[in-house]
Amino acid sequence: DEPTTGLDAFAAEKVVSTLKHLAGSGHTVVASIHQPRSSIFALFDELVLLSEGQLLYCGPAQQAVQYFTGLGHACPPGHSPADFLADLISVDYSTQELEEASRLRVTSLAAAWSTSQQQRPPSRVHPSPSLDLALVSENTAPRVGWLRQLGLLARRSWRQITRDRATNISRAMANISSALIFGCIFFRLKRNQSSV
């Protein structure tokens with residue numbers, strides 16, 4: 001979730017390049033990235049655009065601008081495709097009229113995507129040029145039992161907790177100070193209504 005948050009443009013591009021390398025070596029990489037620059041957007045293989053919980057596009061990233069151009073929303077020349085798509089699918093809350101117009105645009109784009117998917121023949125797997133993907137049954141059982149999964153997750157959580165010393169110390173100090181404050185407030189409080 002947002003692996004480039006807080007990074008400068010150079011570091012963000014390096015992170016996305018590493019993710020692309022991972023994807024090229026057979027790993028599945030799913031990431032949400034807000035406002036990527038053009039060079040980062042060019043690294044995307046597949047793109048999913050959501051707005052207000054509605055699916056507006058799902059397919060090859062390099063064909064997204066062409067798809068929206070076919071719907072009458074052309075990307076201006078020299079404009080970043082990522083910025084264009086972000087502006088296109090966003091709801092503008094600055095005025096009531098702009099909010100209504102942008103909500104109407106998002107709804108029409110969602111309807112157009114839904115219609116285009118109904119006209120396409122169903123496909124289970126989008127073939128990737130770099131990988132040969134095999135179809136897998138949807139009803140496959142997990143490879144390990146639930147008890148093993150629970151043990152692995154518990155161990156991972158314990159490692160995360162024990163490795164973060166600063167957070168553990170600050171939590172302990174907050175708990176101790178809260179206990180002392182409430183202990184002083186309620187010290188020698190009797191169990192009758194007049195002492196409350």
# chains A, B, ... in the order shown; residues from 1 in each chain; ligands from 1

$ select_by_dssp --residues "chain A" --states "alpha helix (DSSP H)" --output "PyMOL selection string"
chain A and resi 9-24+38-41+64-70+81-89+96-119+146-163+165-185

$ select_by_dssp --residues "chain A" --states "strand (DSSP E)" --output "PyMOL selection string"
chain A and resi 46-51+54-60

$ residues_around --residues "His79 of chain A" --least-positions-apart "5" --cutoff "12 Å" --atoms "only C-alpha atoms" --output "ChimeraX atom specification"
/A:37-38,65,74,84-87

$ residues_around --residues "His34 of chain A" --least-positions-apart "6" --cutoff "12 Å" --atoms "only C-alpha atoms" --output "list in words"
Asp1, Glu2, Pro3, Thr4, Thr5, Gly6, Ala12, Ile40, Phe41, Leu49, Leu50, Ala82, Asp83, Leu85, Ala86, Asp87 and Ser90 of chain A

$ closest_residue --among "A:Ala23, A:Ile33, A:Ala42, A:Ile169" --to "Ser80 of chain A" --atoms "only C-alpha atoms"
A:Ala42

$ closest_residue --among "A:Ser94, A:Thr18, A:Thr107, A:Gln66" --to "Gly53 of chain A" --atoms "only C-alpha atoms"
A:Thr107
